[in-house]
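Encoded as structure tokens, the structure appears first; notes follow it.
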There are 2 protein chains.
Amino acid sequence: MMRPFVRIGWKVLSDDWQLVIHGGAGGISRESLTSEREGWLRDTLERALQAGGSLLGVGGSSVAAVQAAIVLLEDSPLFNAGKGAAFNAAGVNELDASIMRGSDLQAGAVAGVTRIRNPVLAAHAVMVGSTHVMLAGTGAERFAAERNIELVEPEYFRTEERWRQLERVRAGESGFELGTVGAVARDAERHLAAATSTGGMTNKRYGRVGDSPIIGAGTYADDRSCAVSATGHGEYFIRLSIARTICALVELGGVNLSDAAKDVIGGRLAGLGGEGGIVAIDASGTIVAEFNSSSMYRGWVSAGASPEVRIFQDH
Amino acid sequence: MMRPFVRIGWKVLSDDWQLVIHGGAGGISRESLTSEREGWLRDTLERALQAGGSLLGVGGSSVAAVQAAIVLLEDSPLFNAGKGAAFNAAGVNELDASIMRGSDLQAGAVAGVTRIRNPVLAAHAVMVGSTHVMLAGTGAERFAAERNIELVEPEYFRTEERWRQLERVRAGESGFELGTVGAVARDAERHLAAATSTGGMTNKRYGRVGDSPIIGAGTYADDRSCAVSATGHGEYFIRLSIARTICALVELGGVNLSDAAKDVIGGRLAGLGGEGGIVAIDASGTIVAEFNSSSMYRGWVSAGASPEVRIFQDH
């Protein structure tokens, strides 16, 4: 067994960990992105990597790291998760999130919540503090309140930009970026975790549940294969059990993670007409970010390396 | 290509189709089952097989067959789905259902509904009549109402037997049978379908979503591998993506359906401490019913054969 830690005084510094995040995949073009907005996006993604990476660097768990990264993205109005969530057809922000740890396949999820500031924290509370995996609606909010998870007024989630997007989609426009956020990590103890959080599709039907809170679709983690967080047109991701299928290809198909991601995103998803992407990390620390849309907000960081952030195919 | 139909006059008779159903897995013992109740159970399962089988026999689709079988089980107070659903901790019957067809991986699901008489029909309406896969709560009920799916007063679902079970679970007893219902079929055109419907766990937390409405967990169908419907302690089934994992073993692992079911139910599920079972059918028509509990209500029928019903391991 390798020793995963280097002890310096009371500190525990890990020499082998990885974190990959995404902030949504979609059809955003270089022309439509102002340099000011691009700067904010890159800065926020980098801070999310630093938040999770600093935990991993002192021996924190992959579960703690994916939570820390996602909380930062949920709190930013730039992404479609937490503050800044998309509006559904009823003009309400309905949020979904899930989390899974690969060491024991424990998982938690919340769906259709409207008052939980950080849905990923509620998903974590379901994972560690209930006998259930998935709680929906007011039942999930009651549970979160009991666990001292912060509740906010529904207005907290409202941003003028998302409201204008709803108005434009209602007027018949399409093609807005989706902006779901997600993270996967491998910690110094070689344990994997994955988490995903979203406001769902703009103008989605009231009560629609996408792939993000569905273990196996938007999120999966198994130390024997890999951890995956997905973003895109959720219905296709559910029908293909995207996250579980990528892990199954690695576990059962004898395929490496990169090829598994290409098979599922470039092959199966594209074959059905679906669009989106995934970030993933396997048991040996290989990281992958794969998407078939023109862009995916994404970044990664690992022990001893600086955070890297990308938006388009190549930069 | 084989010709799947034998035409007799205007009728279309199929010579190769299969249907397998379940009515839940659990710890029921021979001693606790009166012969009168056993008779009702076997009779209802047999009628569900006849309902689905008669459709398949005249060239009906596997999707139509699994719906017909499940509607009959939902309408019976004997099973924990539709009428006769278990009560949640708030004393409410919250119902979940899903359906998937293997030819194009289309799927539909409803979760946490309290007024839809036959949740499987609502799941089907979501599959064929919406751009979404999963609708929850009142959003799902509004959609069902628009599609002329029958709504009932919540009291419709109440049975005294389930209410007494809730009281006994609240008093600390455990071990009640779960009673989820499900069906898988392969039609004359060699297309697979799967569907599952449930009232969930007795005394479940308000808002809890189990595996039944989750595509990949409780239900999966892909013509390239198999169709699966699951029943049992749903949280384990979600964490293992049971239905998708069985299909992945067949598709990617080079494992036959029977061994895949044994791996997942006898191996992975039992390894986590979970209990339950599945019914499944593969692309060549092999049928499997696998469970690690003491009993699973189940039955099967195929072209040219009489329906068979089982409750315990051997009869």
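Lettering and numbering for the structure tokens are positional, with chains as A, B, ... in the shown order, residues counted from 1 in each chain, and ligands counted from 1 in the shown order.
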Next item on the list: Show me which bits of chain A are within 7 Å of chain B, counting only C-alpha atoms, as JSON, numbers by chain.
Entry: {"A": [105, 106, 107, 132, 133, 134, 135, 136, 137, 138, 139, 140, 206, 207, 208, 209, 210, 215, 216, 235, 238, 239, 241, 248, 249, 252, 253]}
Notebook entry, point to check: Residues of segment 91-171 of chain A in helix (DSSP H, G or I) according to DSSP, as a PyMOL selection string?
Noted result: chain A and resi 119-129+137-146+154-157+160-170
Could the residues in this selection be saved with N, CA and C atoms as a short mmCIF file (atom, residue, chain, number, x, y, z; two decimals), in the first residue's frame?
data_model
loop_
_atom_site.label_atom_id
_atom_site.label_comp_id
_atom_site.auth_asym_id
_atom_site.auth_seq_id
_atom_site.Cartn_x
_atom_site.Cartn_y
_atom_site.Cartn_z
N PRO A 119 -28.76 23.24 -2.49
CA PRO A 119 -29.34 21.89 -2.60
C PRO A 119 -28.33 20.77 -2.42
N VAL A 120 -27.06 21.00 -2.79
CA VAL A 120 -26.08 19.92 -2.63
C VAL A 120 -25.88 19.58 -1.16
N LEU A 121 -26.01 20.57 -0.28
CA LEU A 121 -25.87 20.28 1.15
C LEU A 121 -27.07 19.47 1.66
N ALA A 122 -28.23 19.74 1.10
CA ALA A 122 -29.41 18.95 1.47
C ALA A 122 -29.27 17.52 0.97
N ALA A 123 -28.75 17.36 -0.26
CA ALA A 123 -28.52 16.01 -0.79
C ALA A 123 -27.54 15.26 0.11
N HIS A 124 -26.51 15.96 0.56
CA HIS A 124 -25.54 15.33 1.46
C HIS A 124 -26.20 14.93 2.78
N ALA A 125 -27.07 15.79 3.29
CA ALA A 125 -27.77 15.47 4.54
C ALA A 125 -28.65 14.24 4.37
N VAL A 126 -29.28 14.12 3.21
CA VAL A 126 -30.09 12.92 2.95
C VAL A 126 -29.19 11.69 2.94
N MET A 127 -28.01 11.83 2.32
CA MET A 127 -27.09 10.69 2.24
C MET A 127 -26.64 10.22 3.62
N VAL A 128 -26.23 11.17 4.45
CA VAL A 128 -25.62 10.76 5.73
C VAL A 128 -26.61 10.72 6.87
N GLY A 129 -27.77 11.36 6.71
CA GLY A 129 -28.65 11.49 7.87
C GLY A 129 -30.04 10.94 7.70
N GLY A 137 -39.57 17.76 -3.16
CA GLY A 137 -40.54 18.79 -2.82
C GLY A 137 -40.50 19.23 -1.37
N THR A 138 -41.69 19.51 -0.84
CA THR A 138 -41.76 20.03 0.53
C THR A 138 -41.24 19.01 1.54
N GLY A 139 -41.35 17.73 1.23
CA GLY A 139 -40.79 16.72 2.14
C GLY A 139 -39.28 16.89 2.28
N ALA A 140 -38.62 17.19 1.17
CA ALA A 140 -37.17 17.44 1.21
C ALA A 140 -36.87 18.71 1.99
N GLU A 141 -37.70 19.72 1.84
CA GLU A 141 -37.46 20.98 2.54
C GLU A 141 -37.66 20.82 4.04
N ARG A 142 -38.68 20.06 4.43
CA ARG A 142 -38.89 19.80 5.86
C ARG A 142 -37.68 19.08 6.45
N PHE A 143 -37.20 18.09 5.72
CA PHE A 143 -36.03 17.34 6.19
C PHE A 143 -34.83 18.27 6.33
N ALA A 144 -34.60 19.12 5.33
CA ALA A 144 -33.46 20.04 5.37
C ALA A 144 -33.57 20.97 6.57
N ALA A 145 -34.78 21.47 6.82
CA ALA A 145 -34.97 22.38 7.94
C ALA A 145 -34.61 21.69 9.27
N GLU A 146 -35.02 20.43 9.40
CA GLU A 146 -34.70 19.68 10.62
C GLU A 146 -33.20 19.52 10.81
N PRO A 154 -38.04 31.95 -1.66
CA PRO A 154 -37.88 31.60 -3.08
C PRO A 154 -37.30 32.74 -3.91
N GLU A 155 -37.55 33.98 -3.50
CA GLU A 155 -37.05 35.13 -4.27
C GLU A 155 -35.52 35.18 -4.31
N TYR A 156 -34.90 34.56 -3.31
CA TYR A 156 -33.43 34.54 -3.27
C TYR A 156 -32.84 34.06 -4.60
N PHE A 157 -33.49 33.07 -5.23
CA PHE A 157 -32.91 32.44 -6.41
C PHE A 157 -33.08 33.27 -7.68
N GLU A 160 -32.42 38.59 -12.73
CA GLU A 160 -33.09 39.21 -13.87
C GLU A 160 -32.71 38.53 -15.16
N GLU A 161 -31.45 38.07 -15.23
CA GLU A 161 -31.00 37.41 -16.46
C GLU A 161 -31.80 36.15 -16.75
N ARG A 162 -32.00 35.32 -15.70
CA ARG A 162 -32.77 34.08 -15.91
C ARG A 162 -34.23 34.39 -16.23
N TRP A 163 -34.75 35.47 -15.62
CA TRP A 163 -36.14 35.83 -15.91
C TRP A 163 -36.29 36.23 -17.37
N ARG A 164 -35.32 36.98 -17.87
CA ARG A 164 -35.38 37.37 -19.28
C ARG A 164 -35.25 36.14 -20.19
N GLN A 165 -34.44 35.16 -19.75
CA GLN A 165 -34.32 33.93 -20.55
C GLN A 165 -35.68 33.23 -20.62
N LEU A 166 -36.38 33.18 -19.48
CA LEU A 166 -37.70 32.56 -19.49
C LEU A 166 -38.61 33.27 -20.48
N GLU A 167 -38.59 34.60 -20.45
CA GLU A 167 -39.45 35.36 -21.36
C GLU A 167 -39.09 35.08 -22.82
N ARG A 168 -37.80 34.95 -23.07
CA ARG A 168 -37.40 34.68 -24.46
C ARG A 168 -37.78 33.27 -24.89
N VAL A 169 -37.64 32.29 -23.97
CA VAL A 169 -38.04 30.92 -24.32
C VAL A 169 -39.54 30.85 -24.53
N ARG A 170 -40.29 31.55 -23.66
CA ARG A 170 -41.76 31.58 -23.83
C ARG A 170 -42.13 32.19 -25.17
#
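One distance worth recording is that between atom CA of Trp300 of chain A and atom CA of Leu45 of chain A, which is 9.2 Å.
Reported to one decimal place, the separation of atom CA of Leu95 of chain B from atom CA of Val20 of chain B is 22.0 Å.
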Checklist line | DSSP-assigned strand (DSSP E) members of segment 235-298 of chain B, reported as an MDAnalysis selection string | finding: chainID B and resid 276:282 287:291 295:298
Next item on the list: Give me the residues within 8 Å of segment 182-193 of chain B as a PyMOL selection string, counting only C-alpha atoms and dropping any in the same chain fewer than 3 places off.
Entry: chain B and resi 4-5+14-24+56+59-63+65-66+69-70+99-103+196-197+220-223+226-231+279-285
Just write the chosen residues, N, CA and C atoms, as a short mmCIF file (atom, residue, chain, number, x, y, z; two decimals), in the first residue's frame.
data_model
loop_
_atom_site.label_atom_id
_atom_site.label_comp_id
_atom_site.auth_asym_id
_atom_site.auth_seq_id
_atom_site.Cartn_x
_atom_site.Cartn_y
_atom_site.Cartn_z
N PRO B 4 -42.97 -12.50 -37.83
CA PRO B 4 -43.43 -12.64 -36.46
C PRO B 4 -44.90 -12.99 -36.33
N PHE B 5 -45.67 -12.85 -37.39
CA PHE B 5 -47.11 -13.03 -37.26
C PHE B 5 -47.61 -14.21 -38.07
N SER B 14 -49.57 -13.93 -32.83
CA SER B 14 -48.13 -13.98 -32.72
C SER B 14 -47.70 -15.33 -32.17
N ASP B 15 -46.59 -15.80 -32.62
CA ASP B 15 -46.11 -17.10 -32.16
C ASP B 15 -44.89 -17.01 -31.28
N ASP B 16 -44.50 -15.82 -30.90
CA ASP B 16 -43.30 -15.71 -30.05
C ASP B 16 -43.39 -14.44 -29.20
N TRP B 17 -43.86 -14.58 -27.98
CA TRP B 17 -43.90 -13.43 -27.07
C TRP B 17 -43.84 -13.97 -25.65
N GLN B 18 -43.44 -13.11 -24.73
CA GLN B 18 -43.30 -13.49 -23.32
C GLN B 18 -43.72 -12.32 -22.44
N LEU B 19 -44.23 -12.64 -21.27
CA LEU B 19 -44.61 -11.63 -20.28
C LEU B 19 -44.27 -12.18 -18.90
N VAL B 20 -43.59 -11.39 -18.10
CA VAL B 20 -43.29 -11.78 -16.72
C VAL B 20 -43.73 -10.63 -15.82
N ILE B 21 -44.38 -10.97 -14.71
CA ILE B 21 -44.83 -9.93 -13.78
C ILE B 21 -44.35 -10.25 -12.36
N HIS B 22 -44.35 -9.20 -11.54
CA HIS B 22 -44.17 -9.45 -10.10
C HIS B 22 -45.15 -8.60 -9.33
N GLY B 23 -45.41 -9.02 -8.11
CA GLY B 23 -46.30 -8.28 -7.22
C GLY B 23 -45.61 -7.96 -5.91
N GLY B 24 -44.27 -7.89 -5.97
CA GLY B 24 -43.52 -7.50 -4.79
C GLY B 24 -42.77 -8.66 -4.16
N LEU B 56 -50.60 -9.46 -26.25
CA LEU B 56 -49.42 -9.92 -26.99
C LEU B 56 -49.82 -10.96 -28.03
N GLY B 59 -50.80 -9.62 -31.35
CA GLY B 59 -49.85 -8.71 -31.99
C GLY B 59 -49.70 -7.37 -31.29
N GLY B 60 -50.25 -7.27 -30.08
CA GLY B 60 -50.10 -6.02 -29.33
C GLY B 60 -48.65 -5.80 -28.93
N SER B 61 -48.35 -4.56 -28.57
CA SER B 61 -46.96 -4.21 -28.25
C SER B 61 -46.62 -4.59 -26.82
N SER B 62 -45.33 -4.74 -26.57
CA SER B 62 -44.87 -5.03 -25.21
C SER B 62 -45.23 -3.88 -24.28
N VAL B 63 -45.25 -2.65 -24.79
CA VAL B 63 -45.63 -1.50 -23.97
C VAL B 63 -47.10 -1.64 -23.53
N ALA B 65 -48.78 -4.36 -23.29
CA ALA B 65 -48.94 -5.53 -22.42
C ALA B 65 -48.53 -5.24 -20.99
N VAL B 66 -47.40 -4.57 -20.80
CA VAL B 66 -46.98 -4.30 -19.42
C VAL B 66 -47.96 -3.32 -18.76
N ALA B 69 -51.18 -5.35 -17.73
CA ALA B 69 -50.95 -6.20 -16.56
C ALA B 69 -50.87 -5.36 -15.30
N ILE B 70 -50.19 -4.22 -15.38
CA ILE B 70 -50.00 -3.41 -14.18
C ILE B 70 -51.28 -2.70 -13.76
N ILE B 99 -42.22 3.63 -16.84
CA ILE B 99 -42.34 2.70 -17.97
C ILE B 99 -41.24 3.04 -18.98
N MET B 100 -40.74 2.02 -19.67
CA MET B 100 -39.70 2.26 -20.67
C MET B 100 -39.86 1.26 -21.81
N ARG B 101 -39.60 1.73 -23.02
CA ARG B 101 -39.65 0.80 -24.14
C ARG B 101 -38.26 0.67 -24.74
N GLY B 102 -37.93 -0.57 -25.11
CA GLY B 102 -36.57 -0.88 -25.50
C GLY B 102 -36.21 -0.53 -26.91
N SER B 103 -37.21 -0.27 -27.75
CA SER B 103 -36.90 -0.03 -29.17
C SER B 103 -36.18 1.29 -29.37
N THR B 196 -43.07 -0.42 -13.80
CA THR B 196 -43.09 -0.68 -12.35
C THR B 196 -44.02 0.34 -11.71
N SER B 197 -44.75 -0.07 -10.67
CA SER B 197 -45.65 0.86 -9.98
C SER B 197 -45.68 0.51 -8.51
N TYR B 220 -35.85 -0.64 -16.48
CA TYR B 220 -35.02 -0.34 -17.64
C TYR B 220 -35.37 -1.31 -18.77
N ALA B 221 -35.30 -0.81 -19.99
CA ALA B 221 -35.56 -1.66 -21.16
C ALA B 221 -34.74 -1.17 -22.33
N ASP B 222 -34.02 -2.09 -22.93
CA ASP B 222 -33.21 -1.77 -24.10
C ASP B 222 -33.21 -3.02 -24.97
N ASP B 223 -33.71 -2.89 -26.19
CA ASP B 223 -33.82 -4.07 -27.07
C ASP B 223 -32.47 -4.76 -27.28
N CYS B 226 -31.88 -6.17 -22.40
CA CYS B 226 -32.98 -6.78 -21.67
C CYS B 226 -33.93 -5.73 -21.12
N ALA B 227 -35.01 -6.21 -20.52
CA ALA B 227 -35.96 -5.36 -19.81
C ALA B 227 -36.06 -5.88 -18.39
N VAL B 228 -36.07 -4.96 -17.43
CA VAL B 228 -36.05 -5.34 -16.01
C VAL B 228 -37.06 -4.49 -15.23
N SER B 229 -37.79 -5.12 -14.33
CA SER B 229 -38.58 -4.40 -13.33
C SER B 229 -38.21 -4.94 -11.96
N ALA B 230 -37.96 -4.02 -11.01
CA ALA B 230 -37.43 -4.41 -9.71
C ALA B 230 -38.44 -4.17 -8.59
N THR B 231 -38.23 -4.83 -7.48
CA THR B 231 -39.01 -4.61 -6.27
C THR B 231 -38.15 -4.94 -5.07
N VAL B 279 -37.83 -9.08 -12.06
CA VAL B 279 -38.19 -9.92 -13.20
C VAL B 279 -37.56 -9.29 -14.42
N ALA B 280 -37.17 -10.16 -15.37
CA ALA B 280 -36.46 -9.65 -16.54
C ALA B 280 -36.67 -10.56 -17.73
N ILE B 281 -36.42 -10.01 -18.88
CA ILE B 281 -36.54 -10.76 -20.13
C ILE B 281 -35.50 -10.22 -21.09
N ASP B 282 -34.83 -11.10 -21.80
CA ASP B 282 -33.78 -10.59 -22.69
C ASP B 282 -34.22 -10.59 -24.15
N ALA B 283 -33.32 -10.16 -25.01
CA ALA B 283 -33.66 -9.95 -26.42
C ALA B 283 -34.08 -11.23 -27.12
N SER B 284 -33.63 -12.38 -26.58
CA SER B 284 -33.99 -13.64 -27.22
C SER B 284 -35.20 -14.29 -26.56
N GLY B 285 -35.76 -13.64 -25.54
CA GLY B 285 -36.96 -14.17 -24.92
C GLY B 285 -36.74 -14.98 -23.65
#
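Note that atom CA of Ser98 of chain A and atom CA of Asp75 of chain A are 16.5 Å apart.
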